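Structure file model_0.txt (compact mmCIF, C-alpha atoms) follows.
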```txt
# COMPACT_ATOMS: atom_id res chain seq x y z
CA MET A 1 0.00 0.00 0.00
CA SER A 2 2.71 2.44 0.96
CA THR A 3 3.94 2.65 -2.62
CA THR A 4 0.62 4.01 -3.80
CA VAL A 5 0.25 6.71 -1.21
CA VAL A 6 1.15 10.14 -2.49
CA ASN A 7 2.94 12.14 0.12
CA THR A 8 1.98 15.76 -0.21
CA GLY A 9 4.04 17.03 2.67
CA THR A 10 1.06 18.76 4.13
CA GLU A 11 -0.05 16.12 6.63
CA GLY A 12 -1.35 17.45 9.88
CA LYS A 13 -2.39 20.74 8.37
CA THR A 14 -6.16 21.14 8.44
CA TRP A 15 -6.64 21.89 4.75
CA GLY A 16 -3.70 19.90 3.52
CA GLY A 17 -5.50 16.69 2.61
CA GLY A 18 -5.05 13.31 4.22
CA ASN A 19 -7.38 14.50 6.91
CA LYS A 20 -10.39 12.39 7.84
CA PRO A 21 -13.44 14.52 8.42
CA LEU A 22 -15.49 13.32 11.40
CA ASN A 23 -12.73 10.81 12.19
CA ALA A 24 -14.36 8.31 9.86
CA SER A 25 -12.93 6.89 6.67
CA TYR A 26 -14.59 7.70 3.37
CA GLY A 27 -16.06 4.22 2.95
CA LYS A 28 -17.53 4.06 6.41
CA MET A 29 -19.08 7.50 6.16
CA MET A 30 -20.63 6.72 2.79
CA MET A 31 -22.03 3.49 4.24
CA TRP A 32 -23.65 5.55 6.99
CA PHE A 33 -25.18 7.95 4.49
CA PHE A 34 -26.44 5.06 2.38
CA ILE A 35 -28.00 3.58 5.50
CA VAL A 36 -29.78 6.87 6.23
CA SER A 37 -31.29 6.94 2.75
CA ASP A 38 -32.25 3.27 2.90
CA ALA A 39 -33.80 3.82 6.33
CA LEU A 40 -35.95 6.53 4.79
CA THR A 41 -37.07 4.13 2.05
CA PHE A 42 -38.16 1.59 4.63
CA SER A 43 -39.83 4.32 6.69
CA GLY A 44 -41.76 5.30 3.59
CA PHE A 45 -43.06 1.74 3.23
CA LEU A 46 -43.91 1.37 6.90
CA ALA A 47 -45.59 4.77 7.02
CA ALA A 48 -47.63 3.82 3.94
CA TYR A 49 -48.61 0.65 5.78
CA GLY A 50 -49.65 2.85 8.70
CA PHE A 51 -51.69 5.02 6.35
CA SER A 52 -53.63 2.04 5.01
CA ARG A 53 -54.11 0.68 8.47
CA PHE A 54 -55.51 3.95 9.79
CA LYS A 55 -57.71 4.13 6.71
CA PHE A 56 -59.20 0.69 7.56
CA ILE A 57 -58.68 0.95 11.31
CA ASP A 58 -61.97 -0.84 12.09
CA SER A 59 -61.42 -3.79 9.74
CA TRP A 60 -57.68 -4.49 9.52
CA PRO A 61 -56.64 -8.16 9.97
CA ILE A 62 -55.35 -9.09 13.43
CA ALA A 63 -51.76 -10.29 12.95
CA ASP A 64 -52.03 -12.79 15.82
CA GLU A 65 -54.71 -14.66 13.89
CA VAL A 66 -52.76 -14.61 10.63
CA PHE A 67 -49.28 -15.76 11.61
CA THR A 68 -49.99 -18.69 13.90
CA HIS A 69 -47.91 -21.41 12.27
CA VAL A 70 -44.64 -22.98 13.31
CA PRO A 71 -42.83 -25.52 11.12
CA PHE A 72 -43.25 -29.17 12.20
CA LEU A 73 -46.00 -28.21 14.65
CA HIS A 74 -48.90 -28.64 12.31
CA GLY A 75 -52.39 -27.61 13.32
CA GLN A 76 -51.35 -25.84 16.51
CA GLU A 77 -52.10 -22.19 17.04
CA LEU A 78 -48.87 -20.58 18.18
CA PRO A 79 -49.01 -16.90 17.31
CA MET A 80 -45.71 -15.00 17.20
CA ILE A 81 -43.49 -17.87 18.30
CA TYR A 82 -41.89 -18.38 14.91
CA VAL A 83 -41.42 -14.68 14.18
CA ALA A 84 -39.83 -14.25 17.59
CA PHE A 85 -37.47 -17.08 16.69
CA MET A 86 -36.62 -15.36 13.38
CA THR A 87 -35.97 -12.09 15.21
CA PHE A 88 -33.68 -13.87 17.62
CA ILE A 89 -31.77 -15.52 14.75
CA LEU A 90 -31.20 -12.16 13.10
CA ILE A 91 -30.08 -10.49 16.34
CA MET A 92 -27.78 -13.47 16.94
CA SER A 93 -26.22 -13.11 13.49
CA SER A 94 -25.77 -9.41 14.24
CA VAL A 95 -23.82 -10.43 17.33
CA THR A 96 -21.53 -12.79 15.40
CA MET A 97 -21.01 -10.00 12.86
CA VAL A 98 -19.96 -7.51 15.51
CA LEU A 99 -17.69 -10.17 17.01
CA ALA A 100 -16.10 -10.56 13.56
CA VAL A 101 -15.55 -6.81 13.41
CA ASP A 102 -14.02 -6.91 16.87
CA ALA A 103 -11.71 -9.79 15.88
CA GLY A 104 -10.78 -7.75 12.80
CA HIS A 105 -9.63 -4.92 15.03
CA HIS A 106 -7.25 -7.40 16.65
CA LEU A 107 -6.16 -8.67 13.19
CA ASN A 108 -7.24 -12.18 14.20
CA LYS A 109 -7.90 -13.87 10.87
CA ALA A 110 -9.07 -17.22 12.27
CA LYS A 111 -11.70 -15.64 14.48
CA VAL A 112 -12.94 -13.30 11.76
CA THR A 113 -13.38 -16.33 9.48
CA ILE A 114 -15.42 -18.28 12.01
CA TYR A 115 -17.65 -15.38 12.97
CA MET A 116 -18.25 -14.37 9.34
CA PHE A 117 -19.22 -17.97 8.60
CA LEU A 118 -21.70 -18.04 11.49
CA THR A 119 -23.16 -14.72 10.34
CA ILE A 120 -23.77 -16.13 6.86
CA ILE A 121 -25.44 -19.23 8.33
CA GLY A 122 -27.70 -17.03 10.46
CA GLY A 123 -28.66 -14.97 7.42
CA LEU A 124 -29.49 -18.09 5.42
CA ILE A 125 -31.67 -19.48 8.23
CA PHE A 126 -33.52 -16.18 8.34
CA VAL A 127 -34.13 -16.01 4.57
CA GLY A 128 -35.25 -19.65 4.61
CA SER A 129 -37.68 -18.94 7.46
CA GLN A 130 -39.07 -16.01 5.57
CA ALA A 131 -39.60 -18.17 2.49
CA TRP A 132 -41.49 -20.65 4.64
CA GLU A 133 -43.54 -17.84 6.15
CA TRP A 134 -44.44 -16.60 2.67
CA ALA A 135 -45.38 -20.09 1.48
CA THR A 136 -47.66 -20.60 4.50
CA PHE A 137 -49.26 -17.21 4.01
CA ILE A 138 -49.84 -17.75 0.27
CA GLN A 139 -51.26 -21.21 0.81
CA GLY A 140 -53.71 -20.02 3.45
CA ASP A 141 -55.43 -22.10 6.02
CA PHE A 142 -59.19 -21.79 6.48
CA GLY A 143 -60.41 -20.19 3.27
CA ALA A 144 -63.01 -17.43 3.08
CA VAL A 145 -65.57 -15.79 0.81
CA GLN A 146 -65.07 -12.37 -0.68
CA THR A 147 -68.13 -10.15 -1.06
CA LYS A 148 -69.10 -7.84 -3.91
CA GLY A 149 -67.73 -4.94 -1.89
CA GLY A 150 -64.36 -6.66 -1.50
CA ASN A 151 -64.89 -7.57 2.16
CA ILE A 152 -63.98 -10.96 3.54
CA LEU A 153 -66.40 -13.35 5.23
CA GLN A 154 -64.79 -16.02 7.39
CA PHE A 155 -66.44 -18.98 9.10
CA VAL A 156 -66.51 -19.87 12.78
CA ASP A 157 -68.35 -22.41 14.90
CA THR A 158 -70.63 -21.37 17.76
CA ASP A 159 -67.66 -21.26 20.16
CA GLY A 160 -65.91 -18.72 17.95
CA HIS A 161 -63.23 -21.11 16.65
CA ARG A 162 -62.32 -20.79 12.99
CA VAL A 163 -63.68 -23.46 10.66
CA ALA A 164 -62.01 -24.32 7.38
CA LEU A 165 -64.07 -24.50 4.19
CA ARG A 166 -62.99 -28.13 3.66
CA ASP A 167 -64.67 -29.07 6.96
CA PHE A 168 -68.20 -28.14 5.96
CA VAL A 169 -68.33 -27.62 2.22
CA THR A 170 -68.59 -30.53 -0.23
CA ALA A 171 -67.53 -29.92 -3.78
CA ASP A 172 -69.98 -31.02 -6.47
CA THR A 173 -67.75 -33.27 -8.54
CA HIS A 174 -70.18 -33.35 -11.45
CA ALA A 175 -70.05 -29.61 -11.98
CA ASP A 176 -66.27 -29.61 -12.26
CA ARG A 177 -64.83 -26.85 -14.37
CA THR A 178 -61.21 -27.07 -15.53
CA GLN A 179 -58.83 -24.18 -15.41
CA HIS A 180 -58.36 -22.39 -18.70
CA GLU A 181 -54.79 -22.62 -19.95
CA ARG A 182 -53.20 -20.83 -22.86
CA LYS A 183 -52.25 -24.06 -24.56
CA SER A 184 -55.81 -25.36 -24.68
CA GLY A 185 -57.72 -22.30 -25.82
CA LEU A 186 -57.22 -18.68 -26.63
CA TRP A 187 -53.49 -18.14 -26.26
CA PHE A 188 -53.87 -14.52 -25.22
CA VAL A 189 -56.31 -15.24 -22.42
CA SER A 190 -55.14 -16.65 -19.13
CA GLU A 191 -56.80 -17.41 -15.83
CA GLY A 192 -55.62 -17.87 -12.28
CA SER A 193 -55.98 -21.19 -10.51
CA LEU A 194 -59.57 -22.04 -9.57
CA SER A 195 -60.64 -22.34 -5.98
CA SER A 196 -61.70 -25.75 -4.69
CA TYR A 197 -65.33 -24.68 -4.18
CA THR A 198 -67.86 -22.33 -5.73
CA VAL A 199 -69.83 -19.79 -3.73
CA ASP A 200 -73.01 -21.86 -4.24
CA GLU A 201 -71.35 -24.87 -2.69
CA VAL A 202 -70.30 -22.77 0.31
CA VAL A 203 -73.90 -21.53 0.68
CA GLN A 204 -75.14 -25.14 0.63
CA GLY A 205 -72.51 -26.13 3.17
CA LEU A 206 -73.53 -23.29 5.47
CA GLU A 207 -77.23 -24.18 5.16
CA SER A 208 -76.65 -27.80 6.06
CA HIS A 209 -74.43 -27.06 9.09
CA GLU A 210 -76.45 -25.41 11.84
CA ASN A 211 -73.46 -24.67 14.06
CA ILE A 212 -71.49 -22.54 11.61
CA LEU A 213 -71.60 -18.75 11.56
CA VAL A 214 -70.09 -16.00 9.44
CA ARG A 215 -67.47 -13.70 10.86
CA THR A 216 -66.99 -10.30 9.21
CA GLN A 217 -63.82 -8.22 9.22
CA ILE A 218 -65.31 -5.44 11.35
CA ILE A 219 -63.54 -5.17 14.70
CA ASN A 220 -65.95 -4.67 17.62
CA GLU A 221 -65.35 -2.79 20.86
CA ALA A 222 -63.71 -5.80 22.51
CA GLY A 223 -61.06 -5.78 19.78
CA GLU A 224 -62.42 -8.94 18.15
CA LYS A 225 -63.95 -9.58 14.77
CA THR A 226 -67.75 -9.42 14.68
CA VAL A 227 -69.62 -12.74 14.43
CA LEU A 228 -73.05 -12.59 12.78
CA SER A 229 -76.14 -14.45 13.94
CA ARG A 230 -77.25 -17.54 12.05
CA ALA A 231 -79.93 -15.69 10.03
CA GLU A 232 -77.63 -12.77 9.24
CA SER A 233 -74.85 -15.17 8.26
CA LEU A 234 -76.99 -16.87 5.63
CA LYS A 235 -78.35 -13.58 4.35
CA GLN A 236 -74.94 -11.95 4.09
CA LEU A 237 -73.41 -14.91 2.28
CA LYS A 238 -76.30 -15.33 -0.14
CA ASP A 239 -76.69 -11.64 -0.94
CA ASN A 240 -73.07 -10.59 -1.20
CA GLY A 241 -70.82 -13.63 -1.53
CA LYS A 242 -68.98 -13.47 -4.82
CA LEU A 243 -65.69 -15.32 -4.75
CA VAL A 244 -64.17 -18.16 -2.76
CA VAL A 245 -60.70 -17.15 -1.58
CA GLU A 246 -58.06 -19.61 -0.41
CA GLY A 247 -54.77 -18.14 0.74
CA ALA A 248 -53.43 -14.78 -0.30
CA ASN A 249 -51.87 -13.08 -3.29
CA LEU A 250 -51.65 -9.52 -4.56
CA HIS A 251 -55.36 -9.44 -5.53
CA VAL A 252 -57.20 -11.32 -2.81
CA ASN A 253 -56.47 -12.24 0.77
CA GLU A 254 -58.44 -14.69 2.88
CA TYR A 255 -57.26 -13.02 6.10
CA GLY A 256 -58.92 -9.66 5.33
CA SER A 257 -58.04 -6.56 3.37
CA PRO A 258 -55.97 -7.34 0.25
CA LEU A 259 -53.80 -4.34 1.17
CA PHE A 260 -52.56 -6.30 4.16
CA ALA A 261 -51.20 -9.00 1.86
CA ASP A 262 -49.78 -6.41 -0.55
CA PHE A 263 -47.85 -4.69 2.20
CA PHE A 264 -46.78 -8.00 3.70
CA PHE A 265 -45.29 -9.15 0.41
CA PHE A 266 -43.76 -5.78 -0.36
CA ILE A 267 -42.22 -4.89 2.99
CA THR A 268 -41.01 -8.33 4.09
CA GLY A 269 -40.00 -9.00 0.48
CA PHE A 270 -37.92 -5.84 0.30
CA HIS A 271 -36.39 -6.65 3.65
CA GLY A 272 -35.77 -10.25 2.62
CA PHE A 273 -34.04 -8.95 -0.50
CA HIS A 274 -31.79 -6.85 1.72
CA VAL A 275 -30.97 -9.92 3.82
CA PHE A 276 -30.28 -11.91 0.68
CA SER A 277 -27.93 -9.27 -0.76
CA GLY A 278 -26.33 -8.94 2.68
CA VAL A 279 -25.62 -12.68 2.66
CA ILE A 280 -24.07 -12.41 -0.83
CA ILE A 281 -21.86 -9.48 0.22
CA ASN A 282 -20.92 -11.33 3.41
CA ILE A 283 -19.91 -14.36 1.36
CA ILE A 284 -17.67 -12.20 -0.86
CA ILE A 285 -16.02 -10.64 2.19
CA PHE A 286 -15.76 -14.10 3.80
CA PHE A 287 -13.72 -15.37 0.85
CA ASN A 288 -11.58 -12.24 0.91
CA VAL A 289 -10.86 -12.93 4.57
CA ILE A 290 -9.92 -16.54 3.81
CA LEU A 291 -7.69 -15.46 0.94
CA GLY A 292 -5.92 -13.09 3.32
CA THR A 293 -6.70 -9.89 1.43
CA TYR A 294 -7.26 -7.93 4.61
CA GLU A 295 -4.44 -9.74 6.38
CA ARG A 296 -2.04 -8.30 3.80
CA ARG A 297 -3.75 -4.92 3.98
CA LYS A 298 -3.28 -5.00 7.78
CA ASN A 299 -6.79 -3.59 7.97
CA TYR A 300 -10.16 -5.29 8.34
CA GLU A 301 -12.24 -2.18 7.72
CA MET A 302 -14.10 -3.88 4.87
CA VAL A 303 -15.58 -6.30 7.42
CA GLU A 304 -16.67 -3.31 9.45
CA LYS A 305 -18.44 -1.74 6.47
CA VAL A 306 -20.44 -4.85 5.54
CA GLY A 307 -21.04 -5.19 9.27
CA LEU A 308 -22.75 -1.80 9.26
CA TYR A 309 -25.00 -2.94 6.43
CA TRP A 310 -25.79 -6.21 8.16
CA HIS A 311 -26.71 -4.48 11.42
CA PHE A 312 -28.92 -2.12 9.49
CA VAL A 313 -30.84 -5.07 8.07
CA ASP A 314 -31.32 -6.31 11.63
CA LEU A 315 -32.41 -2.83 12.71
CA VAL A 316 -35.07 -2.69 10.00
CA TRP A 317 -36.38 -6.10 11.00
CA VAL A 318 -36.87 -4.91 14.56
CA PHE A 319 -39.26 -2.29 13.21
CA VAL A 320 -40.98 -4.61 10.73
CA PHE A 321 -41.49 -7.09 13.57
CA THR A 322 -43.15 -4.45 15.72
CA PHE A 323 -45.37 -2.87 13.12
CA PHE A 324 -46.40 -6.01 11.27
CA TYR A 325 -46.67 -8.58 14.02
CA LEU A 326 -47.08 -6.81 17.34
CA VAL A 327 -48.94 -3.53 17.07
CA MET B 1 -7.86 0.81 13.64
CA ALA B 2 -7.86 -0.42 17.18
CA HIS B 3 -9.37 2.74 18.54
CA ALA B 4 -10.78 2.68 22.03
CA HIS B 5 -14.38 1.58 22.57
CA LYS B 6 -16.60 3.14 25.14
CA LEU B 7 -17.55 0.26 27.38
CA GLU B 8 -20.38 1.70 29.43
CA ILE B 9 -24.08 1.23 28.76
CA PHE B 10 -27.16 2.57 30.60
CA ARG B 11 -25.34 5.88 31.17
CA GLY B 12 -22.49 4.25 33.06
CA LEU B 13 -24.64 1.98 35.21
CA VAL B 14 -23.08 -1.12 33.66
CA LYS B 15 -19.43 -1.08 32.65
CA PHE B 16 -17.87 -3.96 30.75
CA LYS B 17 -14.26 -5.08 30.80
CA SER B 18 -13.87 -5.63 27.07
CA ASN B 19 -15.71 -4.94 23.84
CA THR B 20 -16.54 -8.64 23.42
CA GLN B 21 -18.10 -8.72 26.84
CA LYS B 22 -20.14 -5.64 26.05
CA ILE B 23 -21.49 -7.32 22.88
CA TRP B 24 -22.74 -10.32 24.87
CA GLY B 25 -24.19 -8.01 27.50
CA VAL B 26 -26.13 -6.08 24.89
CA LEU B 27 -27.33 -9.36 23.32
CA ILE B 28 -28.74 -10.46 26.68
CA PHE B 29 -30.48 -7.12 27.06
CA LEU B 30 -31.98 -7.25 23.54
CA THR B 31 -33.15 -10.83 24.10
CA ILE B 32 -34.90 -9.85 27.32
CA VAL B 33 -36.62 -6.94 25.57
CA THR B 34 -37.78 -9.17 22.68
CA GLY B 35 -38.98 -11.73 25.24
CA ILE B 36 -41.07 -9.09 27.00
CA GLU B 37 -42.56 -8.02 23.67
CA VAL B 38 -43.51 -11.57 22.72
CA VAL B 39 -45.05 -12.36 26.13
CA LEU B 40 -47.07 -9.12 26.09
CA GLY B 41 -48.08 -9.83 22.47
CA ILE B 42 -49.37 -13.30 23.30
CA TYR B 43 -51.16 -12.55 26.57
CA LYS B 44 -52.27 -8.95 25.87
CA PRO B 45 -52.99 -7.95 29.49
CA GLU B 46 -56.42 -6.36 29.87
CA SER B 47 -55.02 -3.47 31.90
CA LEU B 48 -52.91 -2.29 28.96
CA MET B 49 -55.82 -2.13 26.52
CA ALA B 50 -56.88 1.37 27.57
CA LYS B 51 -56.40 4.11 25.02
CA PHE B 52 -53.72 6.75 25.43
CA LEU B 53 -53.21 9.47 22.79
CA GLY B 54 -55.31 7.58 20.25
CA MET B 55 -53.55 4.25 20.65
CA LYS B 56 -53.62 1.34 23.10
CA ILE B 57 -51.07 1.60 25.91
CA LEU B 58 -49.81 -1.84 24.86
CA ASN B 59 -48.96 -0.52 21.40
CA TRP B 60 -47.13 2.44 22.91
CA ILE B 61 -45.10 0.00 25.00
CA PHE B 62 -44.22 -2.01 21.88
CA ILE B 63 -43.10 1.10 20.02
CA ILE B 64 -41.00 2.37 22.92
CA LEU B 65 -39.34 -1.04 23.40
CA THR B 66 -38.60 -1.12 19.65
CA ILE B 67 -36.89 2.25 19.81
CA VAL B 68 -34.90 1.05 22.82
CA LYS B 69 -33.77 -1.98 20.81
CA ALA B 70 -32.93 0.19 17.79
CA TYR B 71 -30.85 2.45 20.04
CA TYR B 72 -28.70 -0.37 21.36
CA ILE B 73 -28.26 -1.98 17.94
CA THR B 74 -27.10 1.34 16.49
CA TRP B 75 -25.03 2.48 19.43
CA ASP B 76 -23.27 -0.77 20.36
CA PHE B 77 -23.42 -3.08 17.34
CA MET B 78 -22.88 -0.36 14.76
CA HIS B 79 -20.46 1.43 17.12
CA MET B 80 -22.29 4.75 16.87
CA ARG B 81 -21.20 5.32 20.47
CA ASP B 82 -17.59 5.53 19.28
CA GLU B 83 -18.16 7.93 16.39
CA THR B 84 -17.73 11.68 16.70
CA LYS B 85 -20.67 13.67 17.92
CA SER B 86 -21.12 15.45 14.59
CA LEU B 87 -21.33 12.21 12.53
CA ARG B 88 -23.78 10.82 15.06
CA ARG B 89 -26.02 13.87 14.82
CA MET B 90 -25.85 14.02 11.03
CA VAL B 91 -27.09 10.47 10.72
CA VAL B 92 -29.53 10.24 13.61
CA TRP B 93 -31.20 13.63 13.60
CA THR B 94 -31.69 13.72 9.84
CA ALA B 95 -33.37 10.34 9.88
CA ILE B 96 -35.48 11.03 12.97
CA PHE B 97 -36.70 14.41 11.72
CA LEU B 98 -37.72 13.13 8.28
CA ILE B 99 -39.32 9.96 9.65
CA LEU B 100 -41.39 11.83 12.25
CA TYR B 101 -42.56 14.24 9.56
CA LEU B 102 -43.52 11.39 7.22
CA ILE B 103 -45.34 9.45 9.93
CA PHE B 104 -47.27 12.49 11.08
CA ILE B 105 -48.47 13.37 7.57
CA LEU B 106 -49.42 9.86 6.49
CA LEU B 107 -51.16 8.79 9.69
CA GLN B 108 -53.06 12.06 9.88
CA GLU B 109 -54.22 11.58 6.31
CA GLY B 110 -55.11 7.92 6.90
CA GLY B 111 -57.29 8.87 9.86
CA TYR B 112 -58.97 11.53 7.75
CA VAL B 113 -59.75 9.09 4.92
CA PHE B 114 -61.23 6.70 7.50
CA ASP B 115 -63.53 9.46 8.73
CA VAL B 116 -64.61 10.25 5.19
CA TYR B 117 -65.58 6.63 4.66
CA LYS B 118 -67.33 6.43 8.03
CA ASP B 119 -69.27 9.68 8.07
CA GLY B 120 -69.56 10.36 4.36
CA PHE B 121 -71.78 8.79 1.79
CA ILE B 122 -69.41 6.12 0.60
CA LYS B 123 -70.79 2.64 1.24
CA ARG B 124 -68.31 -0.15 1.82
CA ASP B 125 -70.35 -2.68 3.74
CA PHE B 126 -71.69 -4.88 0.98
```
Could I get this file's structure written as structure tokens?
Amino acid sequence: MSTTVVNTGTEGKTWGGGNKPLNASYGKMMMWFFIVSDALTFSGFLAAYGFSRFKFIDSWPIADEVFTHVPFLHGQELPMIYVAFMTFILIMSSVTMVLAVDAGHHLNKAKVTIYMFLTIIGGLIFVGSQAWEWATFIQGDFGAVQTKGGNILQFVDTDGHRVALRDFVTADTHADRTQHERKSGLWFVSEGSLSSYTVDEVVQGLESHENILVRTQIINEAGEKTVLSRAESLKQLKDNGKLVVEGANLHVNEYGSPLFADFFFFITGFHGFHVFSGVIINIIIFFNVILGTYERRKNYEMVEKVGLYWHFVDLVWVFVFTFFYLV
Amino acid sequence: MAHAHKLEIFRGLVKFKSNTQKIWGVLIFLTIVTGIEVVLGIYKPESLMAKFLGMKILNWIFIILTIVKAYYITWDFMHMRDETKSLRRMVVWTAIFLILYLIFILLQEGGYVFDVYKDGFIKRDF
């Protein structure tokens, strides 16, 4: 390095160059400024989420009822447990990252290597968990009926427990309609996958099961979703039911307002993309550490810079966790 | 590179012997805070459901705990504590000012749109 440094003979003089403003190197300062701008992007998304939530404050889905699944524990209602686990994984990988930075300060190559490796593993576990979370959310659980006005009608038994469509609706196998595909008809017309039941079949199912009621998305004073009486349930479903919804995508959402699903995909997706790119950058730096690039440079500042980015990703998740899952 | 770290947290209440020790200490603290959040989120104590400044007290607690966590991640994991005061203020105050402004505008507007739907002549319940 010393051969490339131009000596101007003005070191130590304030305006002579070679001076670090704010005692931070160029790269580190620019990373901080990037983080500020990225933080504002995320704030924009979260504030937009807040806008939509305040707009539909009396009918927004309750996160505790949406994210209740934990891998390998099928059929159990465990709200928040898995997200808390994901949060812990990300904080843990932040810790191994800062330990790598600390080892870098002591020029300890072996320790930096181990801690960088653990950080990458933590990041991969997190991204994998998020993929699972998405898959569960997209697949859905109970199914619901969307009304003409775009509201969601869910089904509960008389005790208030959710009932899945498959438990009380029987599909009429004779009236089966196949999904239109481009290869078998008009090539310029396509259609999404069909739901397992039609609205008529759901109406029949509801009529033949006395103990099932409709639950609307309106939140009552007790902070719970309103359950209609038996007569109102039938009337509401017959008059307004339009589409059977299973799971969630960008257009429909069985858990409630489609905006909830849109923001879920967009915000956690954007964050997941940050984690993914963070893992890639960490891997690059990891190989540089192994190859001894920073050993020869006698300076592990590069680890510190990706560390800043990695911590920022963790920082954003702390906020996403609060505003999506807790509040 | 090996510049000195400030090893005190909680305004000097807890002082660690080394930077590594401080990292583990902060991890324990963050884990406890997350644990409290999860327990409150699952059990939702009835006493915290009262409204305060337009929001449930429980939600205020969540937001405050989140900011506490964000503070320790930034200050101790990102070593903001060791940066000069002017860098710290440039980054933190800029972000906080703009974010508060954005939140105020959007939430205010969201509440207004809700009122328009509720009191106006737009029908959504069908």
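Between atom CA of Val14 of chain B and atom CA of Val98 of chain A the interatomic distance comes to 19.5 Å.
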Between B:Gly54, B:Pro45, B:Gly110, B:Gly25, which residue has the minimum interatomic distance to chain A, considering only C-alpha atoms?
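Going through B:Gly54, B:Pro45, B:Gly110, B:Gly25 one by one, the smallest distance to chain A is for B:Gly110.
Counting only C-alpha atoms, Trp310 of chain A has the following residues at most 7 Å away, ignoring those fewer than 4 positions along the same chain: Ser94, Gly278, Val306 and Asp314 of chain A.
For the choices A:Gly143, A:Gly27, A:Gly75, A:Gly150, the atom-to-atom distance to chain B is smallest for A:Gly150 when using all atoms listed in the file.
Atom CA of Leu213 of chain A is found 5.9 Å from atom CA of Ser233 of chain A.
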Counting only C-alpha atoms, closest pick from A:His311, A:Lys111, A:Arg230, A:Arg53 relative to Ala70 of chain B is A:His311
Box time for segment 55-58 of chain A: axis-aligned, enclosing all its listed atoms, 4 Å extra on each side; report centre and edge lengths in Å to one decimal, as lines of an AutoDock Vina configuration file.
```
center_x = -59.8
center_y = 1.6
center_z = 9.4
size_x = 12.3
size_y = 13.0
size_z = 13.4
```
